[in-house]
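Student: Could you have a look at this structure, given as structure tokens, before my questions?
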Number of protein chains: 2
Amino acid sequence: MLEEIRQQPAALERTLRDALRLAERLKKRLAGHRPRLILLSARGTSDNAALFGRYLLEIATGIPVSLAAPSVYTLYGASVRLDDVLVVAISQSGESTDTNLVLERAREQGSLSIGITNEAGSALANLAEYTFLVKAGRERSVAATKTYTGQLLCMYLLAYALGGPVNPEDLRRLPEWTEKALALEEEIAERAERYRFMDHAVVVGRGLAYANAFEFALKLMETCYVVAERFSSADFLHGPIAMVERSFPMFLFTPSGVTWPAMREMLGKLDQLKADSLVITDQSNREALELRRQAIVIPARLARKSALPEEVYTQIPYIVPAQLFAACLAAEKGLDPDQPRTLTKVTRTL
Amino acid sequence: MLEEIRQQPAALERTLRDALRLAERLKKRLAGHRPRLILLSARGTSDNAALFGRYLLEIATGIPVSLAAPSVYTLYGASVRLDDVLVVAISQSGESTDTNLVLERAREQGSLSIGITNEAGSALANLAEYTFLVKAGRERSVAATKTYTGQLLCMYLLAYALGGPVNPEDLRRLPEWTEKALALEEEIAERAERYRFMDHAVVVGRGLAYANAFEFALKLMETCYVVAERFSSADFLHGPIAMVERSFPMFLFTPSGVTWPAMREMLGKLDQLKADSLVITDQSNREALELRRQAIVIPARLARKSALPEEVYTQIPYIVPAQLFAACLAAEKGLDPDQPRTLTKVTRTL
């Protein structure tokens, strides 16, 4: 898992090179036409990438987005109107029968279908009209890492293809920034020692960072067997915050930008409750640094050239310390993150 | 909280009487027109009711449904195309500024807007073109119960108004079935003793029952301070199942119908892992009963007259034992479920 985490800058570069060409083609094909809805279909880590897409695509394109509930199609056999809907299925292996079925239903109704997968020869790649290939190389660890960041990258490219103000120049800087986040490995390994006996936790992210909260929590569940919940700061205040007692372990993604005031307010509440909060942020969030909290600080974000919200490109670098943390904590707990108990790499569900 | 749980049959009857009239009016207004998308906007318990609507409305009407991410509008100020979208905001108090804003954006674009709230004089009721009133009477407990089942009822009526094969006769039987579920109170109070020291848990529901898994987990978090996660059986198998060890507390909603085979398979896996599983089911699921497991069994479901999947009307009666369980466990733990620490009845978020 650690090795695969470290491969991410190279994997991102390879993926970008190929996928950008596809995005340009798709941009031409889509020019002048906007689907009435984007439907994203996925499971597990890929579903967390879809959750990021759910925010990014609405913000960047103004087209409404829905996350598919596969059972509506597989178990209930519902006939959902999918004409003029852009359907995107995301799957590392490309062999998730249920997510693929959603794509099939859309194709039958003449809709445009896009796959995002690591496997060029997979069922998904065969089904979809266009396929973004995540060029991450073989992923051996059951816990997906480089697949996730590759899928996030494809989401930016999809937004670009749909005419969103994503600047490919900004995407080209992501491998470098990811490399800088990787330099935190030693610091994070030391920090993880302190969490050896943690058996539950809550991860919070807001807006564009919400998906990373899901992904960090999933990694903690899969590799460290920590009962890790994930919330947006708004949902957390609507009930679950009642769980928080003295020393309750909290992890928060706090980029600067429009979500910061809500996160800052929440940090204040957590301090009153004497929770144990660790923030993941970067050097551009001066206010967060001035609070002198427990923090993992990624080197300053790179200047960006797009019209999108300032934290829009933080998702890939920000998940890296979280991945490192999960891998290091698993080691600290004496667990093997590559082979979590009970799991296999490809999961098939009804 | 217990008192309000017991008021549900009467609250449902009152709500149905009023709301059915509105549904009939809406049905006429909508006749021949199908919006291209239904957008549901809510937070907390109301968001769990929205999650049920997400499944029910797609299955019953074939119109795609999306759960709104309020921050896309409030924090990012995105201009999402909402013309010809039916927007439904759900809020007990009707004063959730962020969910109301989504509705406002839809109205500005000439779309039909519907509110579901307990408060006839609320901001939401004033904003929405049509308002379903949940006639639950004043809800004093911070943990919402009768509000949730009232909102679920409105979801059925919305499906009916949109031409879905919901039969009002079936809805009229719900208060009676809910009454029967309430008869389990004493049994559940005894059962809760066993869970006195439980500090984490996982609740699983699939498809139409997924929302109840969210709601049961939320009640456990809010009133018992249990770190309670919630998953669909499919998502749970994609990673989080690695957390499960001997005696891990699991709660599963297992109505008979199309979701049962997946739930049965999952129960088998949990048994291999020696997890501690409790199922909530009803007498019509003979197979579940024959397994002679730890179970809360609701008296046989009432005959139904609609073309919808057989478990479609189980959501309201099935949440009742879960609500009772949370209230009884809170008492067992010496906590006051009406006034959870840190929470207030109306939560305002950015």
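Residue numbering restarts at 1 for every chain of the structure tokens, chains are lettered A, B, ... in their displayed order, and ligands are numbered from 1 as they appear.
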Any idea which chain A residues end up within 6 Å of chain B if we count only C-alpha atoms, as number ranges by chain please?
Tutor: A: 44, 59, 62-63, 66, 71, 75, 78-81, 207, 221-222, 225, 234, 238-240, 242-243, 258, 341-342, 349
Student: Among stretch 97-328 of chain A, which ones does DSSP assign to alpha helix (DSSP H) (computed from the backbone)? Answer as a JSON list (two decimals) with N, CA and C atoms, in the first residue's frame.
Tutor:
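Just written: states.json:
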```
[["chain", "number", "residue", "atom", "x", "y", "z"],
["A", 97, "THR", "N", -20.79, -5.69, -11.71],
["A", 97, "THR", "CA", -22.00, -5.94, -12.51],
["A", 97, "THR", "C", -23.08, -4.92, -12.27],
["A", 98, "ASP", "N", -23.25, -4.51, -11.00],
["A", 98, "ASP", "CA", -24.37, -3.60, -10.73],
["A", 98, "ASP", "C", -24.15, -2.20, -11.29],
["A", 99, "THR", "N", -22.94, -1.69, -11.15],
["A", 99, "THR", "CA", -22.72, -0.34, -11.69],
["A", 99, "THR", "C", -22.74, -0.38, -13.22],
["A", 100, "ASN", "N", -22.25, -1.46, -13.79],
["A", 100, "ASN", "CA", -22.28, -1.58, -15.25],
["A", 100, "ASN", "C", -23.71, -1.62, -15.79],
["A", 101, "LEU", "N", -24.61, -2.23, -15.01],
["A", 101, "LEU", "CA", -25.99, -2.35, -15.47],
["A", 101, "LEU", "C", -26.64, -0.98, -15.66],
["A", 102, "VAL", "N", -26.31, -0.05, -14.76],
["A", 102, "VAL", "CA", -26.87, 1.31, -14.87],
["A", 102, "VAL", "C", -26.43, 1.91, -16.21],
["A", 103, "LEU", "N", -25.17, 1.71, -16.55],
["A", 103, "LEU", "CA", -24.64, 2.23, -17.81],
["A", 103, "LEU", "C", -25.35, 1.59, -19.01],
["A", 104, "GLU", "N", -25.59, 0.29, -18.91],
["A", 104, "GLU", "CA", -26.28, -0.41, -19.98],
["A", 104, "GLU", "C", -27.67, 0.16, -20.22],
["A", 105, "ARG", "N", -28.38, 0.39, -19.12],
["A", 105, "ARG", "CA", -29.74, 0.94, -19.24],
["A", 105, "ARG", "C", -29.71, 2.29, -19.96],
["A", 106, "ALA", "N", -28.69, 3.08, -19.69],
["A", 106, "ALA", "CA", -28.58, 4.40, -20.32],
["A", 106, "ALA", "C", -28.29, 4.24, -21.81],
["A", 107, "ARG", "N", -27.41, 3.33, -22.15],
["A", 107, "ARG", "CA", -27.08, 3.10, -23.57],
["A", 107, "ARG", "C", -28.32, 2.68, -24.33],
["A", 108, "GLU", "N", -29.10, 1.79, -23.73],
["A", 108, "GLU", "CA", -30.32, 1.33, -24.40],
["A", 108, "GLU", "C", -31.25, 2.48, -24.76],
["A", 123, "ALA", "N", -15.22, -5.37, -18.84],
["A", 123, "ALA", "CA", -16.61, -5.29, -19.29],
["A", 123, "ALA", "C", -17.04, -3.83, -19.41],
["A", 124, "LEU", "N", -16.64, -3.01, -18.44],
["A", 124, "LEU", "CA", -17.01, -1.59, -18.45],
["A", 124, "LEU", "C", -16.44, -0.88, -19.69],
["A", 125, "ALA", "N", -15.15, -1.12, -19.97],
["A", 125, "ALA", "CA", -14.52, -0.46, -21.12],
["A", 125, "ALA", "C", -15.22, -0.89, -22.42],
["A", 126, "ASN", "N", -15.73, -2.12, -22.46],
["A", 126, "ASN", "CA", -16.43, -2.58, -23.65],
["A", 126, "ASN", "C", -17.83, -1.99, -23.78],
["A", 127, "LEU", "N", -18.44, -1.77, -22.64],
["A", 127, "LEU", "CA", -19.82, -1.26, -22.63],
["A", 127, "LEU", "C", -19.89, 0.24, -22.95],
["A", 146, "LYS", "N", -3.88, 4.67, -5.43],
["A", 146, "LYS", "CA", -3.56, 5.35, -6.70],
["A", 146, "LYS", "C", -4.73, 5.30, -7.67],
["A", 147, "THR", "N", -5.60, 4.32, -7.50],
["A", 147, "THR", "CA", -6.82, 4.26, -8.30],
["A", 147, "THR", "C", -7.71, 5.46, -8.00],
["A", 148, "TYR", "N", -7.85, 5.76, -6.70],
["A", 148, "TYR", "CA", -8.72, 6.86, -6.28],
["A", 148, "TYR", "C", -8.25, 8.19, -6.85],
["A", 149, "THR", "N", -6.96, 8.50, -6.70],
["A", 149, "THR", "CA", -6.50, 9.80, -7.19],
["A", 149, "THR", "C", -6.58, 9.85, -8.72],
["A", 150, "GLY", "N", -6.36, 8.72, -9.37],
["A", 150, "GLY", "CA", -6.52, 8.67, -10.83],
["A", 150, "GLY", "C", -7.96, 8.96, -11.24],
["A", 151, "GLN", "N", -8.90, 8.42, -10.47],
["A", 151, "GLN", "CA", -10.32, 8.66, -10.77],
["A", 151, "GLN", "C", -10.68, 10.13, -10.53],
["A", 152, "LEU", "N", -10.13, 10.72, -9.46],
["A", 152, "LEU", "CA", -10.38, 12.15, -9.21],
["A", 152, "LEU", "C", -9.90, 12.97, -10.40],
["A", 153, "LEU", "N", -8.72, 12.62, -10.89],
["A", 153, "LEU", "CA", -8.16, 13.34, -12.04],
["A", 153, "LEU", "C", -9.11, 13.26, -13.24],
["A", 154, "CYS", "N", -9.67, 12.08, -13.47],
["A", 154, "CYS", "CA", -10.61, 11.92, -14.59],
["A", 154, "CYS", "C", -11.86, 12.78, -14.40],
["A", 155, "MET", "N", -12.24, 13.01, -13.14],
["A", 155, "MET", "CA", -13.40, 13.86, -12.88],
["A", 155, "MET", "C", -13.13, 15.30, -13.34],
["A", 156, "TYR", "N", -11.91, 15.79, -13.06],
["A", 156, "TYR", "CA", -11.55, 17.13, -13.55],
["A", 156, "TYR", "C", -11.63, 17.17, -15.08],
["A", 157, "LEU", "N", -11.14, 16.09, -15.70],
["A", 157, "LEU", "CA", -11.12, 16.07, -17.16],
["A", 157, "LEU", "C", -12.53, 15.99, -17.74],
["A", 158, "LEU", "N", -13.40, 15.32, -17.03],
["A", 158, "LEU", "CA", -14.79, 15.25, -17.47],
["A", 158, "LEU", "C", -15.43, 16.63, -17.38],
["A", 159, "ALA", "N", -15.13, 17.34, -16.28],
["A", 159, "ALA", "CA", -15.66, 18.70, -16.13],
["A", 159, "ALA", "C", -15.14, 19.58, -17.27],
["A", 160, "TYR", "N", -13.88, 19.37, -17.61],
["A", 160, "TYR", "CA", -13.26, 20.13, -18.73],
["A", 160, "TYR", "C", -13.97, 19.80, -20.04],
["A", 161, "ALA", "N", -14.20, 18.52, -20.28],
["A", 161, "ALA", "CA", -14.85, 18.10, -21.52],
["A", 161, "ALA", "C", -16.26, 18.67, -21.64],
["A", 168, "PRO", "N", -6.22, 22.78, -18.00],
["A", 168, "PRO", "CA", -5.29, 21.64, -18.02],
["A", 168, "PRO", "C", -3.92, 22.00, -17.43],
["A", 169, "GLU", "N", -3.53, 23.28, -17.52],
["A", 169, "GLU", "CA", -2.26, 23.69, -16.91],
["A", 169, "GLU", "C", -2.26, 23.43, -15.41],
["A", 170, "ASP", "N", -3.40, 23.69, -14.78],
["A", 170, "ASP", "CA", -3.51, 23.44, -13.34],
["A", 170, "ASP", "C", -3.40, 21.96, -13.04],
["A", 171, "LEU", "N", -3.98, 21.15, -13.92],
["A", 171, "LEU", "CA", -3.93, 19.70, -13.70],
["A", 171, "LEU", "C", -2.49, 19.20, -13.82],
["A", 172, "ARG", "N", -1.73, 19.82, -14.71],
["A", 172, "ARG", "CA", -0.33, 19.39, -14.90],
["A", 172, "ARG", "C", 0.52, 19.63, -13.65],
["A", 174, "LEU", "N", -0.54, 19.04, -10.63],
["A", 174, "LEU", "CA", -0.97, 18.16, -9.53],
["A", 174, "LEU", "C", 0.06, 17.09, -9.17],
["A", 175, "PRO", "N", 0.74, 16.45, -10.15],
["A", 175, "PRO", "CA", 1.74, 15.44, -9.75],
["A", 175, "PRO", "C", 2.83, 16.05, -8.85],
["A", 176, "GLU", "N", 3.24, 17.27, -9.16],
["A", 176, "GLU", "CA", 4.29, 17.92, -8.37],
["A", 176, "GLU", "C", 3.81, 18.19, -6.94],
["A", 177, "TRP", "N", 2.59, 18.68, -6.82],
["A", 177, "TRP", "CA", 2.06, 18.98, -5.49],
["A", 177, "TRP", "C", 1.85, 17.68, -4.69],
["A", 178, "THR", "N", 1.44, 16.64, -5.40],
["A", 178, "THR", "CA", 1.26, 15.33, -4.77],
["A", 178, "THR", "C", 2.61, 14.82, -4.24],
["A", 179, "GLU", "N", 3.65, 15.05, -5.04],
["A", 179, "GLU", "CA", 5.01, 14.68, -4.62],
["A", 179, "GLU", "C", 5.37, 15.38, -3.31],
["A", 180, "LYS", "N", 5.00, 16.64, -3.20],
["A", 180, "LYS", "CA", 5.31, 17.39, -1.98],
["A", 180, "LYS", "C", 4.56, 16.82, -0.77],
["A", 181, "ALA", "N", 3.34, 16.39, -1.01],
["A", 181, "ALA", "CA", 2.57, 15.79, 0.09],
["A", 181, "ALA", "C", 3.21, 14.48, 0.54],
["A", 182, "LEU", "N", 3.81, 13.77, -0.42],
["A", 182, "LEU", "CA", 4.46, 12.50, -0.09],
["A", 182, "LEU", "C", 5.66, 12.69, 0.85],
["A", 185, "GLU", "N", 5.74, 11.75, 4.69],
["A", 185, "GLU", "CA", 5.61, 10.37, 5.17],
["A", 185, "GLU", "C", 6.23, 10.13, 6.55],
["A", 186, "GLU", "N", 7.45, 10.61, 6.73],
["A", 186, "GLU", "CA", 8.13, 10.32, 7.99],
["A", 186, "GLU", "C", 7.39, 10.97, 9.17],
["A", 187, "GLU", "N", 7.02, 12.23, 8.98],
["A", 187, "GLU", "CA", 6.28, 12.95, 10.02],
["A", 187, "GLU", "C", 4.99, 12.21, 10.37],
["A", 188, "ILE", "N", 4.31, 11.71, 9.34],
["A", 188, "ILE", "CA", 3.02, 11.04, 9.57],
["A", 188, "ILE", "C", 3.23, 9.70, 10.27],
["A", 189, "ALA", "N", 4.30, 8.99, 9.91],
["A", 189, "ALA", "CA", 4.58, 7.71, 10.57],
["A", 189, "ALA", "C", 4.77, 7.93, 12.07],
["A", 190, "GLU", "N", 5.47, 9.01, 12.42],
["A", 190, "GLU", "CA", 5.66, 9.31, 13.85],
["A", 190, "GLU", "C", 4.33, 9.66, 14.52],
["A", 191, "ARG", "N", 3.57, 10.48, 13.82],
["A", 191, "ARG", "CA", 2.30, 10.91, 14.38],
["A", 191, "ARG", "C", 1.35, 9.73, 14.62],
["A", 192, "ALA", "N", 1.40, 8.75, 13.73],
["A", 192, "ALA", "CA", 0.47, 7.61, 13.82],
["A", 192, "ALA", "C", 0.64, 6.82, 15.11],
["A", 193, "GLU", "N", 1.84, 6.83, 15.65],
["A", 193, "GLU", "CA", 2.10, 6.07, 16.89],
["A", 193, "GLU", "C", 1.10, 6.42, 17.99],
["A", 210, "TYR", "N", -15.70, 16.78, 0.91],
["A", 210, "TYR", "CA", -16.56, 15.76, 1.52],
["A", 210, "TYR", "C", -16.15, 14.36, 1.08],
["A", 211, "ALA", "N", -15.83, 14.21, -0.20],
["A", 211, "ALA", "CA", -15.46, 12.90, -0.74],
["A", 211, "ALA", "C", -14.20, 12.38, -0.05],
["A", 212, "ASN", "N", -13.25, 13.26, 0.21],
["A", 212, "ASN", "CA", -12.03, 12.84, 0.89],
["A", 212, "ASN", "C", -12.32, 12.35, 2.31],
["A", 213, "ALA", "N", -13.33, 12.93, 2.96],
["A", 213, "ALA", "CA", -13.71, 12.45, 4.29],
["A", 213, "ALA", "C", -14.20, 10.99, 4.18],
["A", 214, "PHE", "N", -14.99, 10.71, 3.16],
["A", 214, "PHE", "CA", -15.45, 9.34, 2.93],
["A", 214, "PHE", "C", -14.27, 8.41, 2.66],
["A", 215, "GLU", "N", -13.33, 8.88, 1.87],
["A", 215, "GLU", "CA", -12.23, 8.02, 1.46],
["A", 215, "GLU", "C", -11.26, 7.77, 2.63],
["A", 216, "PHE", "N", -10.99, 8.79, 3.40],
["A", 216, "PHE", "CA", -10.12, 8.62, 4.57],
["A", 216, "PHE", "C", -10.78, 7.64, 5.55],
["A", 217, "ALA", "N", -12.07, 7.83, 5.80],
["A", 217, "ALA", "CA", -12.78, 6.93, 6.73],
["A", 217, "ALA", "C", -12.75, 5.49, 6.20],
["A", 218, "LEU", "N", -12.94, 5.33, 4.90],
["A", 218, "LEU", "CA", -12.92, 3.97, 4.32],
["A", 218, "LEU", "C", -11.56, 3.33, 4.52],
["A", 219, "LYS", "N", -10.50, 4.09, 4.29],
["A", 219, "LYS", "CA", -9.15, 3.54, 4.49],
["A", 219, "LYS", "C", -8.95, 3.14, 5.96],
["A", 220, "LEU", "N", -9.44, 3.97, 6.90],
["A", 220, "LEU", "CA", -9.29, 3.63, 8.32],
["A", 220, "LEU", "C", -10.08, 2.36, 8.67],
["A", 221, "MET", "N", -11.24, 2.19, 8.04],
["A", 221, "MET", "CA", -12.05, 1.00, 8.30],
["A", 221, "MET", "C", -11.39, -0.24, 7.71],
["A", 222, "GLU", "N", -10.97, -0.13, 6.45],
["A", 222, "GLU", "CA", -10.44, -1.29, 5.72],
["A", 222, "GLU", "C", -9.10, -1.76, 6.26],
["A", 223, "THR", "N", -8.21, -0.81, 6.54],
["A", 223, "THR", "CA", -6.83, -1.21, 6.83],
["A", 223, "THR", "C", -6.50, -1.20, 8.32],
["A", 224, "CYS", "N", -7.23, -0.39, 9.11],
["A", 224, "CYS", "CA", -6.91, -0.28, 10.54],
["A", 224, "CYS", "C", -8.05, -0.83, 11.41],
["A", 233, "SER", "N", -19.55, 18.92, 7.70],
["A", 233, "SER", "CA", -19.65, 19.64, 8.97],
["A", 233, "SER", "C", -21.11, 19.98, 9.26],
["A", 234, "ALA", "N", -21.89, 20.28, 8.22],
["A", 234, "ALA", "CA", -23.29, 20.65, 8.43],
["A", 234, "ALA", "C", -24.08, 19.45, 8.96],
["A", 235, "ASP", "N", -23.93, 18.29, 8.33],
["A", 235, "ASP", "CA", -24.66, 17.11, 8.80],
["A", 235, "ASP", "C", -24.22, 16.70, 10.19],
["A", 236, "PHE", "N", -22.94, 16.88, 10.48],
["A", 236, "PHE", "CA", -22.42, 16.47, 11.78],
["A", 236, "PHE", "C", -23.09, 17.26, 12.91],
["A", 237, "LEU", "N", -23.32, 18.55, 12.65],
["A", 237, "LEU", "CA", -23.94, 19.40, 13.67],
["A", 237, "LEU", "C", -25.41, 19.06, 13.87],
["A", 260, "TRP", "N", -13.85, 27.06, 4.72],
["A", 260, "TRP", "CA", -13.06, 27.27, 5.93],
["A", 260, "TRP", "C", -13.85, 27.89, 7.09],
["A", 261, "PRO", "N", -14.67, 28.95, 6.87],
["A", 261, "PRO", "CA", -15.40, 29.51, 8.01],
["A", 261, "PRO", "C", -16.25, 28.46, 8.75],
["A", 262, "ALA", "N", -16.92, 27.59, 8.02],
["A", 262, "ALA", "CA", -17.74, 26.55, 8.67],
["A", 262, "ALA", "C", -16.86, 25.57, 9.43],
["A", 263, "MET", "N", -15.71, 25.23, 8.86],
["A", 263, "MET", "CA", -14.81, 24.29, 9.52],
["A", 263, "MET", "C", -14.20, 24.93, 10.77],
["A", 264, "ARG", "N", -13.87, 26.22, 10.67],
["A", 264, "ARG", "CA", -13.29, 26.93, 11.81],
["A", 264, "ARG", "C", -14.30, 26.97, 12.96],
["A", 265, "GLU", "N", -15.55, 27.25, 12.62],
["A", 265, "GLU", "CA", -16.61, 27.28, 13.64],
["A", 265, "GLU", "C", -16.72, 25.90, 14.30],
["A", 266, "MET", "N", -16.65, 24.87, 13.48],
["A", 266, "MET", "CA", -16.77, 23.52, 14.01],
["A", 266, "MET", "C", -15.58, 23.17, 14.91],
["A", 267, "LEU", "N", -14.39, 23.60, 14.51],
["A", 267, "LEU", "CA", -13.21, 23.35, 15.35],
["A", 267, "LEU", "C", -13.39, 23.99, 16.73],
["A", 268, "GLY", "N", -13.98, 25.18, 16.75],
["A", 268, "GLY", "CA", -14.24, 25.85, 18.02],
["A", 268, "GLY", "C", -15.16, 25.01, 18.90],
["A", 269, "LYS", "N", -16.21, 24.47, 18.31],
["A", 269, "LYS", "CA", -17.13, 23.61, 19.07],
["A", 269, "LYS", "C", -16.43, 22.37, 19.59],
["A", 270, "LEU", "N", -15.60, 21.78, 18.74],
["A", 270, "LEU", "CA", -14.89, 20.56, 19.14],
["A", 270, "LEU", "C", -13.92, 20.86, 20.28],
["A", 271, "ASP", "N", -13.31, 22.05, 20.25],
["A", 271, "ASP", "CA", -12.40, 22.43, 21.33],
["A", 271, "ASP", "C", -13.16, 22.56, 22.65],
["A", 272, "GLN", "N", -14.34, 23.17, 22.58],
["A", 272, "GLN", "CA", -15.16, 23.28, 23.80],
["A", 272, "GLN", "C", -15.44, 21.90, 24.39],
["A", 286, "ARG", "N", -3.44, 30.38, 6.25],
["A", 286, "ARG", "CA", -2.72, 31.05, 7.34],
["A", 286, "ARG", "C", -3.49, 31.01, 8.65],
["A", 287, "GLU", "N", -4.80, 31.24, 8.53],
["A", 287, "GLU", "CA", -5.63, 31.27, 9.74],
["A", 287, "GLU", "C", -5.56, 29.94, 10.48],
["A", 288, "ALA", "N", -5.62, 28.85, 9.72],
["A", 288, "ALA", "CA", -5.56, 27.52, 10.35],
["A", 288, "ALA", "C", -4.22, 27.33, 11.04],
["A", 289, "LEU", "N", -3.15, 27.83, 10.41],
["A", 289, "LEU", "CA", -1.82, 27.66, 10.99],
["A", 289, "LEU", "C", -1.66, 28.50, 12.25],
["A", 290, "GLU", "N", -2.27, 29.68, 12.23],
["A", 290, "GLU", "CA", -2.15, 30.56, 13.40],
["A", 290, "GLU", "C", -2.83, 29.97, 14.63],
["A", 315, "GLN", "N", -7.97, 18.34, -3.72],
["A", 315, "GLN", "CA", -8.44, 16.98, -3.34],
["A", 315, "GLN", "C", -7.37, 15.90, -3.48],
["A", 316, "ILE", "N", -6.61, 15.95, -4.56],
["A", 316, "ILE", "CA", -5.62, 14.89, -4.77],
["A", 316, "ILE", "C", -4.47, 15.00, -3.76],
["A", 317, "PRO", "N", -3.81, 16.17, -3.65],
["A", 317, "PRO", "CA", -2.75, 16.23, -2.63],
["A", 317, "PRO", "C", -3.25, 15.98, -1.21],
["A", 318, "TYR", "N", -4.46, 16.44, -0.90],
["A", 318, "TYR", "CA", -4.95, 16.31, 0.48],
["A", 318, "TYR", "C", -5.23, 14.86, 0.89],
["A", 319, "ILE", "N", -5.55, 13.99, -0.05],
["A", 319, "ILE", "CA", -5.85, 12.62, 0.37],
["A", 319, "ILE", "C", -4.55, 11.86, 0.66],
["A", 320, "VAL", "N", -3.43, 12.35, 0.13],
["A", 320, "VAL", "CA", -2.17, 11.62, 0.29],
["A", 320, "VAL", "C", -1.77, 11.46, 1.77],
["A", 321, "PRO", "N", -1.76, 12.54, 2.59],
["A", 321, "PRO", "CA", -1.43, 12.33, 4.00],
["A", 321, "PRO", "C", -2.40, 11.38, 4.69],
["A", 322, "ALA", "N", -3.65, 11.39, 4.26],
["A", 322, "ALA", "CA", -4.65, 10.50, 4.87],
["A", 322, "ALA", "C", -4.34, 9.04, 4.53],
["A", 323, "GLN", "N", -3.95, 8.81, 3.26],
["A", 323, "GLN", "CA", -3.56, 7.45, 2.86],
["A", 323, "GLN", "C", -2.33, 7.00, 3.65],
["A", 324, "LEU", "N", -1.35, 7.91, 3.75],
["A", 324, "LEU", "CA", -0.13, 7.58, 4.50],
["A", 324, "LEU", "C", -0.46, 7.28, 5.96],
["A", 325, "PHE", "N", -1.35, 8.09, 6.51],
["A", 325, "PHE", "CA", -1.73, 7.90, 7.90],
["A", 325, "PHE", "C", -2.34, 6.51, 8.10],
["A", 326, "ALA", "N", -3.26, 6.12, 7.22],
["A", 326, "ALA", "CA", -3.91, 4.80, 7.35],
["A", 326, "ALA", "C", -2.88, 3.68, 7.23],
["A", 327, "ALA", "N", -1.97, 3.79, 6.25],
["A", 327, "ALA", "CA", -0.96, 2.74, 6.06],
["A", 327, "ALA", "C", -0.03, 2.66, 7.28],
["A", 328, "CYS", "N", 0.38, 3.82, 7.81],
["A", 328, "CYS", "CA", 1.29, 3.83, 8.96],
["A", 328, "CYS", "C", 0.58, 3.34, 10.22]]
```
Student: Go through B:Val297, B:Gly121, B:Glu310, B:Gly32 one by one, measure the shortest atom-to-atom distance of each to B:Ala183 using only C-alpha atoms, and give the residue with the smallest value.
Tutor: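 Closest to B:Ala183 of all the choices is B:Val297.
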Student: In Å, rounded to a single decimal, give me how far atom CA of A:Ile296 is from atom CA of A:Glu311.
Tutor: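 Atom-to-atom, atom CA of A:Glu311 and atom CA of A:Ile296 are spaced 16.6 Å apart.
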Student: Taking only C-alpha atoms into account, name the residue in B:Phe197, B:Tyr313, B:Tyr130, B:Phe52 that is nearest to B:Leu329.
Tutor: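 Looking at the shortest contact to B:Leu329, the residue is B:Phe197.
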Student: Suppose you want the space between atom CA of B:Thr117 and atom CA of B:Pro35; what is it in Å?
Tutor: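 Calculated distance between atom CA of B:Thr117 and atom CA of B:Pro35 is 22.1 Å.
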Student: Fewer than 4 positions away in the same chain doesn't count, so skip those; otherwise give me all residues within 12 Å of B:Leu22, counting only C-alpha atoms, as a list of chain:residue names.
Tutor: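 Selected residues are B:Thr15, B:Leu16, B:Arg17, B:Asp18, B:Leu26, B:Lys27, B:Lys28, B:Arg29, B:Ile114, B:Gly115, B:Ile116, B:Glu129, B:Tyr130, B:Thr131, B:Phe132, B:Leu133, B:Cys154, B:Leu157, B:Leu158, B:Tyr160, B:Ala161.
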Student: Write out as number ranges by chain the residues lying within 8 Å of B:Ser284, counting only C-alpha atoms and excluding same-chain residues fewer than 3 positions away.
Tutor: B: 256, 300-301
Student: For a test of reading the model, state the distance in Å between atom CA of B:Arg21 and atom CA of B:Ala49, rounded to one decimal.
Tutor: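 Calculated distance between atom CA of B:Arg21 and atom CA of B:Ala49 is 21.0 Å.
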Student: Using the chain letters and numbers from this document, which residues of stretch 121-320 of chain B does DSSP assign to strand (DSSP E), as a ChimeraX atom specification?
Tutor: /B:130-133,200-204,227-231,249-253,276-282,295-298
Student: Hey, which of A:Glu95, A:Glu24, A:Glu4, A:Asp276 ends up closest to A:Arg140? Count only C-alpha atoms.
Tutor: A:Glu4
